[in-house]
Structures are given as structure tokens and as C-alpha cells.
Amino acid sequence: MVIIAFSMRNSNIGELIDWTIISVSITLLIILLAVRLGIIPNLSFVRNGIYRVSLGMRFPLIFGAYIFYLSVLLAMKFGKEFPIRMSIILVGIAILLNRFTNAKNDSICILLLIIVILAQKLPELMIKKICKISITILLILSFIIPFLTYIFPYGSKMYIVLDKLTTGRLYYQNILCNYFQPKLLGQNIIQTGLGGSNGIVNNYFYIDSSFTRILFMGGILFFILFVYAWMRCVYKFVNNGYYLIGMVIMVVWINGFFEDSLSNPTTSILIAFLLINTNLVDLRKKLKL
């Protein structure tokens, strides 16, 4: 892992985006084909009366995470050159994703990508100010999200509203905060998920927020390093004039407040961007920026 980390330092971001789009797209197509042929089971679930399917994954939200990150890469690659066509495609992706997997948060974040793409028409000075303000807000929220149940106690009006907006995620975060406290070097927290099945699980407990997971399980030191890495990554692109990529990464940052995919190395395919050096030569030409 150390060798991989250091080898990523001087990688070409443009080529990384291209080949990641290709590899993720081909992999998802193979999985969908295997589901269609009956080679891989297509697990079905019902949440709040809504039927949803996993499309070959262990859980519908896992498929949703891959589609979200693929949408992120497509926005980076084509958002500047084909803003209208890319926006229409992303609307279609968001609708279909919500229809089949009910991945509401991922679908909303895909729609946020459209706002980011269209915002590139604003004057450069205005975009830069928006980026700087947004980074500050996200930085503050990163330290607030893991402690929401301390700020809004269980049963309060705001707690009920936020719990509904996050489809019950705040309830499990409240359980987490009642039984565990963040530690300097992290801790092992046993979770009870669905285990790759669509059956009923007793005492279900899972931490959905990536930032909450990293703080409580990875530890305070790693959490601070993680937040700093994302902040530095966004600043790197914004300060070099790559506002589209910087703002797209901020949408990924927002997604991590509610979903666990940002903290999962099997789905968080943008982690490599945190390891790459500030050398952005030829990126503007490569991505038509």
C-alpha cells in the first residue's frame, strides 16, 4: 500500500479519469449482464414501502455508489465541453438510479453535479469565491456531522426532521454516540448488517456516514488527516483554475456526509486524487478545461 501511495504521486490525472471511466463502465456492464443471465442473484428489498433491487451487488446502495462515482468522472471529463448534453444524461441517470435502487442521496448528489456543470458559465471571480466559501462550509460541517445527535438530541423536532431526511441514519448514529466515544487511534466497532442477504436481521446496526465512521473507527488523528487531505485536494484544483473538478470533488465530499462509500476503498475511487502531486500539467488540454 505504501508503494502504491508513493507511485501515485506523479500520476497523470487526465489518463486516470479516462481509464477509470472505462474500467468501471465495463465492470458494471459485465455485472448487469451476469444478473440478466441469472449468473449473479439480483437481491430485492423493500424500504418504507418502496421496492428496490441490488443489480448484482450485496445491497442496492452499493450499486448506487458506483453509479454516483461514474457520474462524477463523467462530469469531470465532459462537463465543460458538453454541459447541456452531460446535464441531460445525468438527469436520466439520477432518475433511473432512484427508480431501481432508491439510492436517494446518491441521486440527489448526481443532480448537484448538474448545478456544478452549469455554474461554470458564471464569471471566474464569482466561481472562485463560491469555491472558497464552500470549502470553508464543508470543512466546518465535517466536524459537525459526527456529533449531530449531541447538537440535536434524540426526540427533538430537528432530530426527527434530520432523521427523516437521512432515511433513519441519524437513529443509528445516536446509538453509536450513546455507546462509543472517538479515540485517538480508533477502535473496532462491531456492526450488524444484512450480510449479503435480503432477509430480516435482528439488532441491525450500521454507520452510514463516512466521516462518522472514520472519526469513531479510524480515530481522531486519521480523521483530521482525512479531512485535511480532501480540503487540500479541492484547494489544489481551485487555486490552479480547475474549478469544475474542484466543485465536483466537493459534491463527493457532501456525499460522504450521508453515505459510507467515501470511506470504503472498494467504492471510493477518487482516493487516488488525494495522493497525486500538485503537478497539473496537460490536464487542461486533456479534459478540455
# chains A, B, ... in the order shown; residues from 1 in each chain; ligands from 1
>>> select_by_dssp(residues="range 6-226 of chain A", states="strand (DSSP E or B)", output="list in words")
Ser44, Phe45, Val46, Arg47, Ile50, Tyr51, Arg52, Val53, Thr192 and Phe205 of chain A
>>> residues_around(residues="Ile189 in chain A", least_positions_apart="5", cutoff="9 Å", atoms="only C-alpha atoms", output="ChimeraX atom specification")
/A:180,216-217
>>> write_last_selection(atoms="N, CA, C and O atoms", output="mmCIF file, in the first residue's frame")
data_model
loop_
_atom_site.group_PDB
_atom_site.id
_atom_site.type_symbol
_atom_site.label_atom_id
_atom_site.label_comp_id
_atom_site.auth_asym_id
_atom_site.auth_seq_id
_atom_site.Cartn_x
_atom_site.Cartn_y
_atom_site.Cartn_z
ATOM 1 N N PHE A 180 -20.315 4.598 22.259
ATOM 2 C CA PHE A 180 -18.899 4.756 21.928
ATOM 3 C C PHE A 180 -18.506 6.231 21.923
ATOM 4 O O PHE A 180 -19.343 7.106 21.742
ATOM 5 N N PHE A 216 -14.924 7.660 14.438
ATOM 6 C CA PHE A 216 -15.113 6.703 15.522
ATOM 7 C C PHE A 216 -14.291 5.431 15.334
ATOM 8 O O PHE A 216 -13.786 4.870 16.310
ATOM 9 N N MET A 217 -14.139 4.965 14.105
ATOM 10 C CA MET A 217 -13.428 3.710 13.869
ATOM 11 C C MET A 217 -11.972 3.928 13.482
ATOM 12 O O MET A 217 -11.101 3.148 13.862
#
>>> residues_around(residues="range 223-232 of chain A", least_positions_apart="5", cutoff="7 Å", atoms="only C-alpha atoms", output="count of residues only")
5
>>> closest_residue(among="A:Phe205, A:Phe273, A:Phe63, A:Phe257", to="Phe237 in chain A", atoms="only C-alpha atoms")
A:Phe273
>>> residues_around(residues="range 164-170 of chain A", least_positions_apart="5", cutoff="12 Å", atoms="only C-alpha atoms", output="MDAnalysis selection string")
chainID A and resid 47:48 102:106 108 145:155 157:159 175:177 204:210 212 255 257:260
>>> write_last_selection(atoms="N, CA, C and O atoms", output="compact mmCIF listing (two decimals), in the first residue's frame")
# COMPACT_ATOMS: atom_id res chain seq x y z
N ARG A 47 -38.07 -0.96 1.33
CA ARG A 47 -37.81 0.03 2.38
C ARG A 47 -38.87 1.11 2.31
O ARG A 47 -39.05 1.75 1.29
N ASN A 48 -39.57 1.27 3.43
CA ASN A 48 -40.65 2.27 3.51
C ASN A 48 -41.67 2.09 2.39
O ASN A 48 -42.16 3.05 1.79
N ASN A 102 -33.49 3.06 -5.31
CA ASN A 102 -33.94 4.00 -4.28
C ASN A 102 -32.76 4.63 -3.53
O ASN A 102 -32.84 4.93 -2.34
N ALA A 103 -31.63 4.81 -4.25
CA ALA A 103 -30.45 5.46 -3.68
C ALA A 103 -30.66 6.98 -3.71
O ALA A 103 -30.11 7.68 -4.56
N LYS A 104 -31.48 7.45 -2.79
CA LYS A 104 -31.92 8.85 -2.82
C LYS A 104 -30.76 9.82 -2.70
O LYS A 104 -30.68 10.80 -3.46
N ASN A 105 -29.87 9.58 -1.75
CA ASN A 105 -28.76 10.52 -1.53
C ASN A 105 -27.82 10.58 -2.73
O ASN A 105 -27.37 11.66 -3.13
N ASP A 106 -27.53 9.42 -3.32
CA ASP A 106 -26.67 9.40 -4.50
C ASP A 106 -27.34 10.09 -5.68
O ASP A 106 -26.69 10.80 -6.45
N ILE A 108 -29.58 12.52 -5.51
CA ILE A 108 -29.55 13.97 -5.25
C ILE A 108 -28.17 14.54 -5.56
O ILE A 108 -28.05 15.62 -6.16
N ILE A 145 -20.98 16.99 11.54
CA ILE A 145 -21.79 15.82 11.17
C ILE A 145 -21.67 14.65 12.15
O ILE A 145 -22.68 14.07 12.57
N PRO A 146 -20.44 14.27 12.59
CA PRO A 146 -20.34 13.13 13.51
C PRO A 146 -21.00 13.37 14.87
O PRO A 146 -21.23 12.41 15.62
N PHE A 147 -21.29 14.61 15.19
CA PHE A 147 -21.85 14.93 16.51
C PHE A 147 -23.24 15.53 16.43
O PHE A 147 -23.68 16.23 17.33
N LEU A 148 -23.96 15.25 15.34
CA LEU A 148 -25.29 15.83 15.16
C LEU A 148 -26.25 15.45 16.28
O LEU A 148 -27.08 16.25 16.70
N THR A 149 -26.12 14.22 16.78
CA THR A 149 -27.05 13.78 17.83
C THR A 149 -26.74 14.42 19.18
O THR A 149 -27.57 14.36 20.09
N TYR A 150 -25.56 14.99 19.32
CA TYR A 150 -25.27 15.78 20.52
C TYR A 150 -25.89 17.17 20.39
O TYR A 150 -26.39 17.73 21.36
N ILE A 151 -25.85 17.70 19.17
CA ILE A 151 -26.40 19.03 18.92
C ILE A 151 -27.92 19.00 18.92
O ILE A 151 -28.58 19.89 19.48
N PHE A 152 -28.48 17.96 18.29
CA PHE A 152 -29.94 17.78 18.24
C PHE A 152 -30.28 16.46 18.92
O PHE A 152 -30.23 15.40 18.29
N PRO A 153 -30.59 16.49 20.22
CA PRO A 153 -30.83 15.27 21.00
C PRO A 153 -31.97 14.43 20.44
O PRO A 153 -32.86 14.92 19.74
N TYR A 154 -31.92 13.16 20.75
CA TYR A 154 -32.94 12.20 20.30
C TYR A 154 -34.33 12.66 20.72
O TYR A 154 -34.57 13.00 21.87
N GLY A 155 -35.25 12.68 19.76
CA GLY A 155 -36.63 13.07 20.04
C GLY A 155 -36.95 14.53 19.80
O GLY A 155 -38.12 14.91 19.77
N LYS A 157 -37.38 18.10 17.72
CA LYS A 157 -38.02 18.35 16.42
C LYS A 157 -37.01 18.31 15.28
O LYS A 157 -37.27 17.70 14.23
N MET A 158 -35.86 18.95 15.49
CA MET A 158 -34.84 18.96 14.44
C MET A 158 -34.28 17.55 14.22
O MET A 158 -33.99 17.17 13.08
N TYR A 159 -34.14 16.79 15.29
CA TYR A 159 -33.66 15.39 15.17
C TYR A 159 -34.61 14.59 14.29
O TYR A 159 -34.18 13.85 13.40
N ILE A 175 -27.32 5.81 18.39
CA ILE A 175 -26.91 4.60 19.11
C ILE A 175 -25.39 4.57 19.24
O ILE A 175 -24.84 4.25 20.31
N LEU A 176 -24.71 4.88 18.15
CA LEU A 176 -23.24 4.90 18.15
C LEU A 176 -22.71 5.85 19.22
O LEU A 176 -21.82 5.48 20.01
N CYS A 177 -23.25 7.06 19.27
CA CYS A 177 -22.77 8.07 20.22
C CYS A 177 -23.10 7.72 21.67
O CYS A 177 -22.43 8.17 22.59
N TYR A 204 -30.19 -4.73 13.83
CA TYR A 204 -29.44 -4.11 12.73
C TYR A 204 -28.77 -2.83 13.22
O TYR A 204 -29.37 -2.00 13.89
N PHE A 205 -27.47 -2.70 12.90
CA PHE A 205 -26.73 -1.51 13.32
C PHE A 205 -25.61 -1.27 12.31
O PHE A 205 -24.75 -2.12 12.10
N TYR A 206 -25.63 -0.11 11.67
CA TYR A 206 -24.62 0.20 10.67
C TYR A 206 -24.38 1.71 10.65
O TYR A 206 -25.31 2.49 10.77
N ILE A 207 -23.10 2.09 10.50
CA ILE A 207 -22.73 3.51 10.46
C ILE A 207 -22.64 3.92 9.00
O ILE A 207 -21.75 3.49 8.27
N ASP A 208 -23.56 4.78 8.55
CA ASP A 208 -23.62 5.14 7.14
C ASP A 208 -22.71 6.31 6.78
O ASP A 208 -22.12 6.33 5.70
N SER A 209 -22.60 7.30 7.63
CA SER A 209 -21.80 8.49 7.32
C SER A 209 -20.31 8.15 7.29
O SER A 209 -19.76 7.62 8.25
N SER A 210 -19.65 8.45 6.17
CA SER A 210 -18.22 8.16 6.04
C SER A 210 -17.40 8.92 7.07
O SER A 210 -16.46 8.38 7.66
N THR A 212 -18.39 10.05 10.00
CA THR A 212 -18.64 9.49 11.33
C THR A 212 -17.89 8.18 11.51
O THR A 212 -17.30 7.92 12.56
N ASN A 255 -21.45 14.03 -0.36
CA ASN A 255 -21.98 12.67 -0.38
C ASN A 255 -21.46 11.85 0.79
O ASN A 255 -22.17 11.01 1.36
N PHE A 257 -20.97 12.78 3.75
CA PHE A 257 -21.66 13.10 4.99
C PHE A 257 -22.77 12.09 5.29
O PHE A 257 -23.12 11.87 6.45
N PHE A 258 -23.34 11.49 4.24
CA PHE A 258 -24.51 10.62 4.41
C PHE A 258 -24.26 9.17 4.01
O PHE A 258 -24.98 8.28 4.47
N GLU A 259 -23.28 8.93 3.15
CA GLU A 259 -23.03 7.58 2.65
C GLU A 259 -21.67 7.07 3.10
O GLU A 259 -20.75 7.84 3.34
N ASP A 260 -21.54 5.74 3.18
CA ASP A 260 -20.28 5.14 3.63
C ASP A 260 -19.29 4.90 2.49
O ASP A 260 -18.17 4.47 2.72
>>> closest_residue(among="A:Ser25, A:Asn98, A:Gln120, A:Ser7", to="Ile84 in chain A", atoms="only C-alpha atoms")
A:Gln120
>>> closest_residue(among="A:Gly49, A:Gly256, A:Gly92, A:Gly64", to="Leu111 in chain A", atoms="only C-alpha atoms")
A:Gly92
>>> residues_around(residues="range 28-44 of chain A", least_positions_apart="5", cutoff="7 Å", atoms="only C-alpha atoms", output="PyMOL selection string")
chain A and resi 52-56+198
>>> write_last_selection(atoms="all heavy atoms", output="PDB file, in the first residue's frame")
ATOM      1  N   ARG A  52     -36.936  -2.149  -4.262  1.00  0.00           N
ATOM      2  CA  ARG A  52     -35.654  -1.817  -4.886  1.00  0.00           C
ATOM      3  C   ARG A  52     -34.818  -3.063  -5.042  1.00  0.00           C
ATOM      4  O   ARG A  52     -34.999  -4.045  -4.305  1.00  0.00           O
ATOM      5  CB  ARG A  52     -34.903  -0.771  -4.054  1.00  0.00           C
ATOM      6  CG  ARG A  52     -34.723  -1.145  -2.588  1.00  0.00           C
ATOM      7  CD  ARG A  52     -34.140   0.007  -1.817  1.00  0.00           C
ATOM      8  NE  ARG A  52     -33.855  -0.363  -0.428  1.00  0.00           N
ATOM      9  CZ  ARG A  52     -32.919   0.190   0.310  1.00  0.00           C
ATOM     10  NH1 ARG A  52     -32.154   1.134  -0.203  1.00  0.00           N
ATOM     11  NH2 ARG A  52     -32.719  -0.180   1.541  1.00  0.00           N
ATOM     12  N   VAL A  53     -33.878  -3.027  -5.980  1.00  0.00           N
ATOM     13  CA  VAL A  53     -33.056  -4.196  -6.290  1.00  0.00           C
ATOM     14  C   VAL A  53     -31.577  -3.843  -6.201  1.00  0.00           C
ATOM     15  O   VAL A  53     -31.190  -2.676  -6.338  1.00  0.00           O
ATOM     16  CB  VAL A  53     -33.396  -4.749  -7.692  1.00  0.00           C
ATOM     17  CG1 VAL A  53     -34.787  -5.355  -7.705  1.00  0.00           C
ATOM     18  CG2 VAL A  53     -33.284  -3.657  -8.748  1.00  0.00           C
ATOM     19  N   SER A  54     -30.748  -4.872  -6.005  1.00  0.00           N
ATOM     20  CA  SER A  54     -29.311  -4.650  -5.807  1.00  0.00           C
ATOM     21  C   SER A  54     -28.513  -4.689  -7.103  1.00  0.00           C
ATOM     22  O   SER A  54     -27.346  -4.294  -7.134  1.00  0.00           O
ATOM     23  CB  SER A  54     -28.751  -5.694  -4.838  1.00  0.00           C
ATOM     24  OG  SER A  54     -28.836  -7.000  -5.412  1.00  0.00           O
ATOM     25  N   LEU A  55     -29.119  -5.240  -8.193  1.00  0.00           N
ATOM     26  CA  LEU A  55     -28.467  -5.286  -9.514  1.00  0.00           C
ATOM     27  C   LEU A  55     -27.093  -5.936  -9.465  1.00  0.00           C
ATOM     28  O   LEU A  55     -26.121  -5.447 -10.034  1.00  0.00           O
ATOM     29  CB  LEU A  55     -28.377  -3.874 -10.112  1.00  0.00           C
ATOM     30  CG  LEU A  55     -29.725  -3.177 -10.351  1.00  0.00           C
ATOM     31  CD1 LEU A  55     -29.511  -1.739 -10.793  1.00  0.00           C
ATOM     32  CD2 LEU A  55     -30.538  -3.938 -11.393  1.00  0.00           C
ATOM     33  N   GLY A  56     -27.026  -7.061  -8.757  1.00  0.00           N
ATOM     34  CA  GLY A  56     -25.792  -7.836  -8.702  1.00  0.00           C
ATOM     35  C   GLY A  56     -24.881  -7.522  -7.548  1.00  0.00           C
ATOM     36  O   GLY A  56     -23.883  -8.223  -7.322  1.00  0.00           O
ATOM     37  N   ASN A 198     -31.306 -10.638   1.718  1.00  0.00           N
ATOM     38  CA  ASN A 198     -32.435  -9.722   1.797  1.00  0.00           C
ATOM     39  C   ASN A 198     -33.420 -10.136   2.888  1.00  0.00           C
ATOM     40  O   ASN A 198     -34.591  -9.797   2.845  1.00  0.00           O
ATOM     41  CB  ASN A 198     -33.163  -9.624   0.448  1.00  0.00           C
ATOM     42  CG  ASN A 198     -33.625 -10.988  -0.051  1.00  0.00           C
ATOM     43  OD1 ASN A 198     -33.314 -12.010   0.551  1.00  0.00           O
ATOM     44  ND2 ASN A 198     -34.359 -11.002  -1.147  1.00  0.00           N
TER      45      ASN A 198
END
>>> select_by_dssp(residues="range 29-203 of chain A", states="alpha helix (DSSP H)", output="PyMOL selection string")
chain A and resi 29-36+60-78+83-101+104-119+124-144+148-151+157-165+169-179
>>> closest_residue(among="A:Pro182, A:Ile140, A:Met76, A:Thr101", to="Met247 in chain A", atoms="only C-alpha atoms")
A:Met76
>>> residues_around(residues="Lys128 in chain A", least_positions_apart="2", cutoff="12 Å", atoms="only C-alpha atoms", output="ChimeraX atom specification")
/A:119-120,122-126,130-135,234-235,237-244,246-247
>>> write_last_selection(atoms="C-alpha atoms", output="PDB file, in the first residue's frame")
ATOM      1  CA  ALA A 119     -22.202  27.043 -12.681  1.00  0.00           C
ATOM      2  CA  GLN A 120     -19.112  27.034 -14.900  1.00  0.00           C
ATOM      3  CA  LEU A 122     -20.527  32.176 -14.171  1.00  0.00           C
ATOM      4  CA  PRO A 123     -17.671  34.733 -14.136  1.00  0.00           C
ATOM      5  CA  GLU A 124     -14.396  33.190 -12.989  1.00  0.00           C
ATOM      6  CA  LEU A 125     -14.043  35.524  -9.989  1.00  0.00           C
ATOM      7  CA  MET A 126     -17.521  34.565  -8.769  1.00  0.00           C
ATOM      8  CA  ILE A 130     -18.103  30.302  -4.327  1.00  0.00           C
ATOM      9  CA  CYS A 131     -15.441  27.602  -4.146  1.00  0.00           C
ATOM     10  CA  LYS A 132     -13.555  29.249  -1.277  1.00  0.00           C
ATOM     11  CA  ILE A 133     -16.757  29.787   0.738  1.00  0.00           C
ATOM     12  CA  SER A 134     -17.944  26.241   0.015  1.00  0.00           C
ATOM     13  CA  ILE A 135     -14.647  24.744   1.184  1.00  0.00           C
ATOM     14  CA  VAL A 234     -10.017  20.789  -3.538  1.00  0.00           C
ATOM     15  CA  TYR A 235      -7.760  23.786  -2.911  1.00  0.00           C
ATOM     16  CA  PHE A 237      -7.636  22.297  -8.201  1.00  0.00           C
ATOM     17  CA  VAL A 238      -9.354  25.602  -7.354  1.00  0.00           C
ATOM     18  CA  ASN A 239      -6.087  27.529  -6.955  1.00  0.00           C
ATOM     19  CA  ASN A 240      -4.918  26.227 -10.331  1.00  0.00           C
ATOM     20  CA  GLY A 241      -8.143  27.278 -12.049  1.00  0.00           C
ATOM     21  CA  TYR A 242      -9.717  23.815 -12.393  1.00  0.00           C
ATOM     22  CA  TYR A 243     -12.996  24.910 -10.842  1.00  0.00           C
ATOM     23  CA  LEU A 244     -15.120  22.166 -12.396  1.00  0.00           C
ATOM     24  CA  GLY A 246     -12.747  21.167  -7.551  1.00  0.00           C
ATOM     25  CA  MET A 247     -16.516  21.664  -7.305  1.00  0.00           C
TER      26      MET A 247
END
>>> closest_residue(among="A:Ser261, A:Ile26, A:Asn178, A:Ile190", to="Phe68 in chain A", atoms="only C-alpha atoms")
A:Ser261
>>> closest_residue(among="A:Arg58, A:Arg99, A:Lys80, A:Arg213", to="Gly186 in chain A", atoms="only C-alpha atoms")
A:Arg213
